[in-house]
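Notes follow once the structure below has been shown.
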Amino acid sequence: MRHLLSISDLTKVEAISILDTATELSRVSDGAVKKLPTLRGRTIVNLFAEDSTRTRISFEAAAKRLSADVINFSAKGSSLSKGESLKDTAMTLQAMGADAVVIRHSASGAAQRLADSQWMSGSVVNAGDGTHEHPSQALLDAFTIRKHLGMGRSDLSGINVAIVGDILHSRVARSNVLLLSMLGAKVTLVAPPTLLPVGIGNWPVTISYDLDSVIPHVDVVMMLRVQQERMSDLFFPNAREYSRYFGLNADRMARMKSGAIVMHPGPMNRGLEISAEVADSARSVITEQVANGVSVRMAILYVLLAGGALEVGGN
Amino acid sequence: MSVALSAQEITRALTRISHEILEKNQGSSNIVLLGIPTRGAHLATRINSIIATIEGAEVPTGTLDITLFRDDLRMRPPRAIMSTKIPTSGIEGKDVILVDDVLYSGRTIRAALDALGEIGRPRTVQLASLVDRGHRELPIKADFVGKNLPTAKTQSVKVFLSEIDGRDEVTIEEGGE
């Protein structure tokens, strides 16, 4: 495996192998060892042409724990804001000897473009491209679900997951639908019809417009951020109405199954899709998702950079 | 293919190694056994149970995966990472006995020493290996050896353990790696 652009690049065996690797690596971060020499001498560039807190810091922490050299590069304060093209930026990175580029871009397909072009020879990791995919987020979500509800299984068979909210603009939802269903989970999407993409009938999911009927039957409620910055039209009448029908509040949380967890990829709009009470409750694994993100991204960088093709199982 | 060690010989070798470990360390009070996955971990567990029958008490036993510390990572496909479990008593000031199945180039042990250095500072680090087949590439030597097997580099030594392979045996095959 050379790039990680989309969940559809992964086989089930490869995905599980990344999760297993992350499990071992998370023991490393928990324990006395904070730093591993594995990627010493490798250069990883974080190319963030769109704002990000969690993902950029998480990839940076992951790379540093594996002893790679990290160069951070964001649109603001770089020549990208002067209008430099992706091609020229990539060729600059190539000239500097980047072994991997972690790219976040507002255009869907930007990571694919970078990987397919001959502009640079390193690995490309998609850290979110437009409304297309965000594979590392899906992997860390699957990792978090497996840790809480997997009961020692390697996949997620038999687990019911509801993904709620702005599916239309969500790359997190796309990657999660692909990954969670590949791992055997049953996914239900809950959203107003205006926030569901065209062609959703072909996705391996159940659709619902009624959060209250779904809540008592699922093991995981994954709330999505309402992405106001991507909304050029009116998708729902107003925030209060959205919140009343599709927000997760304490009343709805009380009707969840015992042991069910609440997830959110962040950043949260507290009071809109999720109430502060729920976000800070014992069911919420939202900050744990962030911690798991580092282990999962270490696993991704290990698999992409430590050698050639992914070898699965034994040594 | 020829059999280098039978099941009975493996048991005898491990029993002798256990006695030697106890003799050299004057008992089991400060010992920590760390097996290198996969087969070294099972050997460490066996040595622990032999020590328990001799001394009447088990010693802290764990596993140490060295994959992330290897110096040949770039030359091969990425390897699956195995489990590392350090006993809760830790390794600080302890006599750590590394346990592996086959001692060959010595690079695994070098990586293990690096891994230990990240975890703490043992009083001593000693090495027990079921088989020493020679051809060292680094200045590393085992303190406790089950059997010295003179081999050619073209041969390959395979260790089978009942825990994972269903039988206990060490074989030498022509034209391995």
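Quick note on naming: the chains in the structure tokens go A, B, ... in the order shown, residues restart at 1 in each chain, and ligands are numbered from 1 in order of appearance.
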Query raised in the report: What are the residues of chain B that have an atom within 7 Å of an atom of chain A, counting only C-alpha atoms, as a ChimeraX atom specification?
Result: /B:68-69,73-81,83,118-119
Residue subset to file, keeping N, CA and C atoms, as a compact mmCIF listing (two decimals), in the first residue's frame:
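Writing the result to part.txt gives the following:
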```txt
# COMPACT_ATOMS: atom_id res chain seq x y z
N LEU B 68 9.19 -2.30 15.92
CA LEU B 68 9.34 -0.87 15.65
C LEU B 68 10.77 -0.39 15.84
N PHE B 69 11.62 -1.26 16.37
CA PHE B 69 13.01 -0.88 16.61
C PHE B 69 13.98 -1.55 15.64
N LEU B 73 13.68 -2.34 8.62
CA LEU B 73 12.27 -2.10 8.27
C LEU B 73 12.11 -1.69 6.82
N ARG B 74 13.05 -0.87 6.35
CA ARG B 74 12.90 -0.35 4.99
C ARG B 74 13.19 -1.39 3.92
N MET B 75 13.82 -2.50 4.32
CA MET B 75 14.21 -3.49 3.34
C MET B 75 13.14 -4.54 3.12
N ARG B 76 12.08 -4.51 3.91
CA ARG B 76 11.04 -5.54 3.81
C ARG B 76 9.67 -4.90 3.85
N PRO B 77 8.64 -5.68 3.50
CA PRO B 77 7.28 -5.17 3.69
C PRO B 77 7.06 -4.93 5.18
N PRO B 78 6.17 -3.99 5.53
CA PRO B 78 5.94 -3.75 6.95
C PRO B 78 5.45 -5.01 7.64
N ARG B 79 5.97 -5.23 8.83
CA ARG B 79 5.59 -6.42 9.57
C ARG B 79 4.45 -6.07 10.51
N ALA B 80 3.63 -7.05 10.80
CA ALA B 80 2.59 -6.85 11.79
C ALA B 80 3.25 -6.64 13.15
N ILE B 81 2.72 -5.73 13.92
CA ILE B 81 3.29 -5.45 15.24
C ILE B 81 2.70 -6.44 16.24
N SER B 83 2.49 -8.09 20.34
CA SER B 83 2.14 -7.44 21.60
C SER B 83 3.35 -7.25 22.51
N GLU B 118 14.20 2.37 26.03
CA GLU B 118 13.09 3.32 26.04
C GLU B 118 12.19 3.11 27.26
N ILE B 119 12.22 1.90 27.81
CA ILE B 119 11.29 1.59 28.89
C ILE B 119 11.90 1.87 30.26
```
Query raised in the report: Got a sec: who's within 8 Å of range 86-99 of chain B, counting only C-alpha atoms, leaving out chain neighbours fewer than 3 positions off, as number ranges by chain?
Result: B: 25, 30-36, 40-41, 43-44, 60-64, 119-129
Go ahead and save the picked residues with C-alpha atoms, as a JSON list (two decimals), in the first residue's frame.
```
[["chain", "number", "residue", "atom", "x", "y", "z"],
["B", 25, "ASN", "CA", 21.29, -14.58, 39.43],
["B", 30, "ASN", "CA", 15.16, -9.80, 41.04],
["B", 31, "ILE", "CA", 14.45, -11.52, 37.71],
["B", 32, "VAL", "CA", 12.09, -10.34, 34.97],
["B", 33, "LEU", "CA", 11.57, -12.63, 31.96],
["B", 34, "LEU", "CA", 10.79, -10.92, 28.65],
["B", 35, "GLY", "CA", 10.01, -13.12, 25.67],
["B", 36, "ILE", "CA", 10.38, -11.81, 22.13],
["B", 40, "GLY", "CA", 10.26, -16.38, 22.44],
["B", 41, "ALA", "CA", 7.18, -15.32, 24.39],
["B", 43, "LEU", "CA", 9.54, -20.03, 25.74],
["B", 44, "ALA", "CA", 9.58, -17.31, 28.44],
["B", 60, "PRO", "CA", 7.33, -11.44, 36.50],
["B", 61, "THR", "CA", 7.04, -12.49, 32.86],
["B", 62, "GLY", "CA", 6.15, -10.35, 29.86],
["B", 63, "THR", "CA", 6.67, -9.88, 26.15],
["B", 64, "LEU", "CA", 8.73, -7.34, 24.23],
["B", 119, "ILE", "CA", 11.29, 1.59, 28.89],
["B", 120, "GLY", "CA", 13.79, 1.84, 31.70],
["B", 121, "ARG", "CA", 17.21, 0.96, 33.04],
["B", 122, "PRO", "CA", 17.54, -2.67, 34.12],
["B", 123, "ARG", "CA", 20.41, -3.62, 36.43],
["B", 124, "THR", "CA", 21.53, -6.25, 33.93],
["B", 125, "VAL", "CA", 20.21, -7.59, 30.64],
["B", 126, "GLN", "CA", 20.87, -11.24, 29.88],
["B", 127, "LEU", "CA", 19.95, -13.34, 26.88],
["B", 128, "ALA", "CA", 18.54, -16.86, 26.76],
["B", 129, "SER", "CA", 18.12, -18.52, 23.37]]
```
Report task. Find the residues around Ile66 in chain B up to 10 Å (only C-alpha atoms counted), leave out those fewer than 6 positions away in its own chain, and share them as a ChimeraX atom specification. Result -> /B:36-37,81-84,108-116
Would you put the residues from that selection into a file with N, CA and C atoms, as a tab-separated table (two decimals), in the first residue's frame?
```
chain	number	residue	atom	x	y	z
B	36	ILE	N	10.54	-12.55	23.37
B	36	ILE	CA	10.38	-11.81	22.13
B	36	ILE	C	9.38	-12.56	21.25
B	37	PRO	N	8.22	-11.93	20.92
B	37	PRO	CA	7.18	-12.64	20.16
B	37	PRO	C	7.72	-13.16	18.83
B	81	ILE	N	2.72	-5.73	13.92
B	81	ILE	CA	3.29	-5.45	15.24
B	81	ILE	C	2.70	-6.44	16.24
B	82	MET	N	3.57	-7.05	17.03
B	82	MET	CA	3.13	-8.02	18.03
B	82	MET	C	2.93	-7.31	19.36
B	83	SER	N	2.49	-8.09	20.34
B	83	SER	CA	2.14	-7.44	21.60
B	83	SER	C	3.35	-7.25	22.51
B	84	THR	N	3.37	-6.11	23.19
B	84	THR	CA	4.38	-5.84	24.21
B	84	THR	C	3.65	-5.74	25.54
B	108	THR	N	18.01	-8.73	16.05
B	108	THR	CA	16.81	-8.71	16.87
B	108	THR	C	17.15	-8.29	18.30
B	109	ILE	N	18.26	-8.82	18.81
B	109	ILE	CA	18.65	-8.51	20.18
B	109	ILE	C	19.10	-7.05	20.29
B	110	ARG	N	19.80	-6.55	19.27
B	110	ARG	CA	20.16	-5.13	19.28
B	110	ARG	C	18.90	-4.27	19.38
B	111	ALA	N	17.89	-4.65	18.56
B	111	ALA	CA	16.63	-3.90	18.59
B	111	ALA	C	15.98	-4.02	19.97
B	112	ALA	N	16.07	-5.21	20.57
B	112	ALA	CA	15.47	-5.41	21.89
B	112	ALA	C	16.16	-4.53	22.93
B	113	LEU	N	17.49	-4.38	22.81
B	113	LEU	CA	18.21	-3.53	23.77
B	113	LEU	C	17.75	-2.08	23.62
B	114	ASP	N	17.54	-1.65	22.36
B	114	ASP	CA	17.02	-0.29	22.14
B	114	ASP	C	15.63	-0.14	22.76
B	115	ALA	N	14.79	-1.16	22.55
B	115	ALA	CA	13.43	-1.10	23.08
B	115	ALA	C	13.45	-1.02	24.61
B	116	LEU	N	14.33	-1.82	25.23
B	116	LEU	CA	14.45	-1.79	26.70
B	116	LEU	C	14.90	-0.42	27.18
```
Query raised in the report: Contacts of range 13-19 of chain B at 7 Å or less, counting only C-alpha atoms, minus same-chain residues fewer than 3 places along, as an MDAnalysis selection string?
Result: chainID B and resid 9:10 22:23 47 50:51 144 146
Query - Those of range 74-264 of chain A in DSSP strand (DSSP E), formatted as a VMD selection string - result: chain A and resid 74 100 to 105 123 to 129 160 to 164 186 to 190 206 to 208 220 to 223 261 to 263
Report task. Identify, with DSSP run on backbone atoms, the residues in range 46-140 of chain B assigned to alpha helix (DSSP H), and express the list as a list in words. Result ->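 Taking range 46-140 of chain B and keeping alpha helix (DSSP H) gives Arg46, Ile47, Asn48, Ser49, Ile50, Ile51, Ala52, Thr53, Ile54, Glu55, Arg107, Thr108, Ile109, Arg110, Ala111, Ala112, Leu113, Asp114, Ala115, Leu116, Gly117, Glu118 and Ile119 of chain B.
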For C-alpha atoms, I'd like the residues from the last selection saved as a compact mmCIF listing (two decimals), in the first residue's frame.
```
# COMPACT_ATOMS: atom_id res chain seq x y z
CA ARG B 46 7.70 -22.17 29.90
CA ILE B 47 10.89 -21.04 31.64
CA ASN B 48 8.73 -19.18 34.16
CA SER B 49 6.76 -22.31 35.01
CA ILE B 50 9.95 -24.36 35.35
CA ILE B 51 11.39 -21.69 37.69
CA ALA B 52 8.14 -21.79 39.64
CA THR B 53 8.50 -25.52 40.27
CA ILE B 54 12.11 -25.09 41.37
CA GLU B 55 11.76 -21.96 43.50
CA ARG B 107 19.99 -7.74 15.07
CA THR B 108 16.81 -8.71 16.87
CA ILE B 109 18.65 -8.51 20.18
CA ARG B 110 20.16 -5.13 19.28
CA ALA B 111 16.63 -3.90 18.59
CA ALA B 112 15.47 -5.41 21.89
CA LEU B 113 18.21 -3.53 23.77
CA ASP B 114 17.02 -0.29 22.14
CA ALA B 115 13.43 -1.10 23.08
CA LEU B 116 14.45 -1.79 26.70
CA GLY B 117 16.33 1.49 26.80
CA GLU B 118 13.09 3.32 26.04
CA ILE B 119 11.29 1.59 28.89
```
Query - Long-range neighbours of range 86-88 of chain A as a list in words, 10 Å cut-off, only C-alpha atoms, 4 positions minimum in chain - result: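 Counting only the stated atoms, we get Ala49, Ser79, Leu80, Thr92, Leu93, Gln94, His105, Ala110, Arg113, Leu114, Ser117, Gln118, Trp119 and Met120 of chain A.
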Export C-alpha atoms of the chosen residues as a compact mmCIF listing (two decimals), in the first residue's frame?
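Final output, out_1.txt:
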```txt
# COMPACT_ATOMS: atom_id res chain seq x y z
CA ALA A 49 -5.08 23.96 2.55
CA SER A 79 2.30 30.75 -1.04
CA LEU A 80 -0.96 28.82 -1.43
CA THR A 92 8.43 22.11 -4.20
CA LEU A 93 7.76 19.41 -1.63
CA GLN A 94 9.33 16.80 -3.92
CA HIS A 105 -7.98 20.31 0.78
CA ALA A 110 -7.27 16.77 -4.39
CA ARG A 113 -4.79 14.23 -8.04
CA LEU A 114 -1.61 14.49 -6.00
CA SER A 117 0.33 12.90 -10.84
CA GLN A 118 4.05 12.48 -11.39
CA TRP A 119 4.66 15.66 -9.40
CA MET A 120 6.07 13.88 -6.41
```
Query raised in the report: What's the 12 Å shell around Thr55 in chain A, counting only C-alpha atoms, without same-chain residues fewer than 5 positions away, as a PyMOL selection string?
Result: chain A and resi 46-48+50+60-62+102-104+125-128+134-137+140+265-267+289-294+296-297
Could you save the residues just selected, with N, CA and C atoms, as a PDB file, in the first residue's frame?
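Below is the file that was written, selection_5.pdb:
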```pdb
ATOM      1  N   ASN A  46       2.785  18.030   6.413  1.00  0.00           N
ATOM      2  CA  ASN A  46       1.352  18.258   6.614  1.00  0.00           C
ATOM      3  C   ASN A  46       0.929  19.436   5.763  1.00  0.00           C
ATOM      4  N   LEU A  47       0.251  19.146   4.658  1.00  0.00           N
ATOM      5  CA  LEU A  47      -0.159  20.192   3.734  1.00  0.00           C
ATOM      6  C   LEU A  47      -1.638  20.479   3.960  1.00  0.00           C
ATOM      7  N   PHE A  48      -1.928  21.518   4.715  1.00  0.00           N
ATOM      8  CA  PHE A  48      -3.314  21.788   5.088  1.00  0.00           C
ATOM      9  C   PHE A  48      -3.819  23.045   4.413  1.00  0.00           C
ATOM     10  N   GLU A  50      -6.881  23.704   4.149  1.00  0.00           N
ATOM     11  CA  GLU A  50      -8.172  24.011   4.742  1.00  0.00           C
ATOM     12  C   GLU A  50      -7.979  23.921   6.250  1.00  0.00           C
ATOM     13  N   GLU A  60       0.548  15.279  13.306  1.00  0.00           N
ATOM     14  CA  GLU A  60       1.856  15.770  13.737  1.00  0.00           C
ATOM     15  C   GLU A  60       2.351  14.957  14.938  1.00  0.00           C
ATOM     16  N   ALA A  61       1.464  14.755  15.902  1.00  0.00           N
ATOM     17  CA  ALA A  61       1.850  13.974  17.086  1.00  0.00           C
ATOM     18  C   ALA A  61       2.220  12.547  16.689  1.00  0.00           C
ATOM     19  N   ALA A  62       1.439  11.970  15.772  1.00  0.00           N
ATOM     20  CA  ALA A  62       1.698  10.584  15.339  1.00  0.00           C
ATOM     21  C   ALA A  62       3.071  10.485  14.682  1.00  0.00           C
ATOM     22  N   VAL A 102       0.643  14.592   3.913  1.00  0.00           N
ATOM     23  CA  VAL A 102      -0.688  14.457   4.480  1.00  0.00           C
ATOM     24  C   VAL A 102      -1.460  15.677   4.010  1.00  0.00           C
ATOM     25  N   ILE A 103      -2.480  15.454   3.174  1.00  0.00           N
ATOM     26  CA  ILE A 103      -3.122  16.612   2.558  1.00  0.00           C
ATOM     27  C   ILE A 103      -4.580  16.767   2.978  1.00  0.00           C
ATOM     28  N   ARG A 104      -4.925  17.998   3.339  1.00  0.00           N
ATOM     29  CA  ARG A 104      -6.304  18.394   3.602  1.00  0.00           C
ATOM     30  C   ARG A 104      -6.604  19.505   2.595  1.00  0.00           C
ATOM     31  N   VAL A 125      -1.414  10.826   1.924  1.00  0.00           N
ATOM     32  CA  VAL A 125      -2.456  10.453   2.869  1.00  0.00           C
ATOM     33  C   VAL A 125      -3.550  11.506   2.791  1.00  0.00           C
ATOM     34  N   ASN A 126      -4.756  11.049   2.507  1.00  0.00           N
ATOM     35  CA  ASN A 126      -5.886  11.965   2.437  1.00  0.00           C
ATOM     36  C   ASN A 126      -6.373  12.292   3.853  1.00  0.00           C
ATOM     37  N   ALA A 127      -6.235  13.557   4.225  1.00  0.00           N
ATOM     38  CA  ALA A 127      -6.702  13.972   5.554  1.00  0.00           C
ATOM     39  C   ALA A 127      -7.988  14.780   5.414  1.00  0.00           C
ATOM     40  N   GLY A 128      -8.758  14.458   4.400  1.00  0.00           N
ATOM     41  CA  GLY A 128     -10.021  15.156   4.168  1.00  0.00           C
ATOM     42  C   GLY A 128      -9.969  15.956   2.889  1.00  0.00           C
ATOM     43  N   HIS A 134     -12.587  11.045   4.272  1.00  0.00           N
ATOM     44  CA  HIS A 134     -11.674  11.351   5.381  1.00  0.00           C
ATOM     45  C   HIS A 134     -11.323  10.010   6.021  1.00  0.00           C
ATOM     46  N   PRO A 135     -10.493   9.201   5.316  1.00  0.00           N
ATOM     47  CA  PRO A 135     -10.299   7.810   5.748  1.00  0.00           C
ATOM     48  C   PRO A 135      -9.696   7.649   7.147  1.00  0.00           C
ATOM     49  N   SER A 136      -8.773   8.522   7.541  1.00  0.00           N
ATOM     50  CA  SER A 136      -8.157   8.312   8.857  1.00  0.00           C
ATOM     51  C   SER A 136      -9.173   8.531   9.975  1.00  0.00           C
ATOM     52  N   GLN A 137     -10.139   9.429   9.748  1.00  0.00           N
ATOM     53  CA  GLN A 137     -11.204   9.634  10.740  1.00  0.00           C
ATOM     54  C   GLN A 137     -12.073   8.378  10.862  1.00  0.00           C
ATOM     55  N   LEU A 140     -10.237   5.776  12.826  1.00  0.00           N
ATOM     56  CA  LEU A 140     -10.189   6.009  14.275  1.00  0.00           C
ATOM     57  C   LEU A 140     -11.569   5.817  14.893  1.00  0.00           C
ATOM     58  N   PRO A 265     -17.137  13.649  15.339  1.00  0.00           N
ATOM     59  CA  PRO A 265     -15.782  13.817  14.822  1.00  0.00           C
ATOM     60  C   PRO A 265     -15.164  15.169  15.202  1.00  0.00           C
ATOM     61  N   GLY A 266     -15.977  16.094  15.712  1.00  0.00           N
ATOM     62  CA  GLY A 266     -15.480  17.428  16.028  1.00  0.00           C
ATOM     63  C   GLY A 266     -15.206  18.206  14.758  1.00  0.00           C
ATOM     64  N   PRO A 267     -15.140  19.507  14.804  1.00  0.00           N
ATOM     65  CA  PRO A 267     -15.512  20.344  15.948  1.00  0.00           C
ATOM     66  C   PRO A 267     -17.029  20.353  16.148  1.00  0.00           C
ATOM     67  N   GLN A 289     -11.963   9.725  21.151  1.00  0.00           N
ATOM     68  CA  GLN A 289     -11.734   9.634  19.704  1.00  0.00           C
ATOM     69  C   GLN A 289     -10.461  10.381  19.324  1.00  0.00           C
ATOM     70  N   VAL A 290     -10.267  11.542  19.950  1.00  0.00           N
ATOM     71  CA  VAL A 290      -9.079  12.339  19.629  1.00  0.00           C
ATOM     72  C   VAL A 290      -7.813  11.583  20.028  1.00  0.00           C
ATOM     73  N   ALA A 291      -7.831  11.010  21.225  1.00  0.00           N
ATOM     74  CA  ALA A 291      -6.651  10.259  21.689  1.00  0.00           C
ATOM     75  C   ALA A 291      -6.390   9.057  20.785  1.00  0.00           C
ATOM     76  N   ASN A 292      -7.455   8.337  20.417  1.00  0.00           N
ATOM     77  CA  ASN A 292      -7.291   7.182  19.540  1.00  0.00           C
ATOM     78  C   ASN A 292      -6.779   7.592  18.166  1.00  0.00           C
ATOM     79  N   GLY A 293      -7.122   8.815  17.759  1.00  0.00           N
ATOM     80  CA  GLY A 293      -6.695   9.313  16.453  1.00  0.00           C
ATOM     81  C   GLY A 293      -5.188   9.258  16.296  1.00  0.00           C
ATOM     82  N   VAL A 294      -4.466   9.565  17.359  1.00  0.00           N
ATOM     83  CA  VAL A 294      -3.010   9.554  17.270  1.00  0.00           C
ATOM     84  C   VAL A 294      -2.506   8.127  17.016  1.00  0.00           C
ATOM     85  N   VAL A 296      -4.128   5.590  15.686  1.00  0.00           N
ATOM     86  CA  VAL A 296      -4.531   5.119  14.367  1.00  0.00           C
ATOM     87  C   VAL A 296      -3.663   5.761  13.285  1.00  0.00           C
ATOM     88  N   ARG A 297      -3.350   7.034  13.451  1.00  0.00           N
ATOM     89  CA  ARG A 297      -2.517   7.702  12.442  1.00  0.00           C
ATOM     90  C   ARG A 297      -1.077   7.210  12.504  1.00  0.00           C
TER      91      ARG A 297
END
```
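Within 10 Å of Pro216 in chain A, once only C-alpha atoms are used and residues closer than 4 positions along the same chain are dropped, the contacting residues are Leu211, Asp212, Arg252, Met253, Ala254, Arg255, Met256, Lys257, Ser258 and Ala260 of chain A.
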Could the residues in this selection be written to a file with C-alpha atoms, as a short mmCIF file (atom, residue, chain, number, x, y, z; two decimals), in the first residue's frame?
```
data_model
loop_
_atom_site.label_atom_id
_atom_site.label_comp_id
_atom_site.auth_asym_id
_atom_site.auth_seq_id
_atom_site.Cartn_x
_atom_site.Cartn_y
_atom_site.Cartn_z
CA LEU A 211 -34.15 10.16 14.99
CA ASP A 212 -36.50 9.18 17.83
CA ARG A 252 -32.93 11.37 23.57
CA MET A 253 -29.76 10.15 25.24
CA ALA A 254 -31.87 8.74 28.08
CA ARG A 255 -33.60 6.46 25.56
CA MET A 256 -30.36 4.97 24.23
CA LYS A 257 -29.49 1.32 24.90
CA SER A 258 -27.41 0.69 27.99
CA ALA A 260 -24.42 2.65 23.81
#
```
Query raised in the report: Expressed in Å to a single decimal, how great is the separation between CA of Ala111 in chain A and CA of Ser26 in chain A?
Result: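 Straight-line distance from CA of Ala111 in chain A to CA of Ser26 in chain A works out to 27.1 Å.
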Query - One-decimal distance in Å that lies between CA of Ala15 in chain A and CA of Ala68 in chain A - result: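 One can read the CA of Ala68 in chain A to CA of Ala15 in chain A distance as 23.1 Å.
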Report task. Measure the distance from CA of His3 in chain A to CA of Val161 in chain A in Å and round it to one decimal. Result -> 27.7 Å
Report summary line: Shortest contact to Lys186 in chain A, candidates A:Arg174, A:His217, A:His169, A:Arg283, atoms counted only C-alpha atoms, goes to A:His217
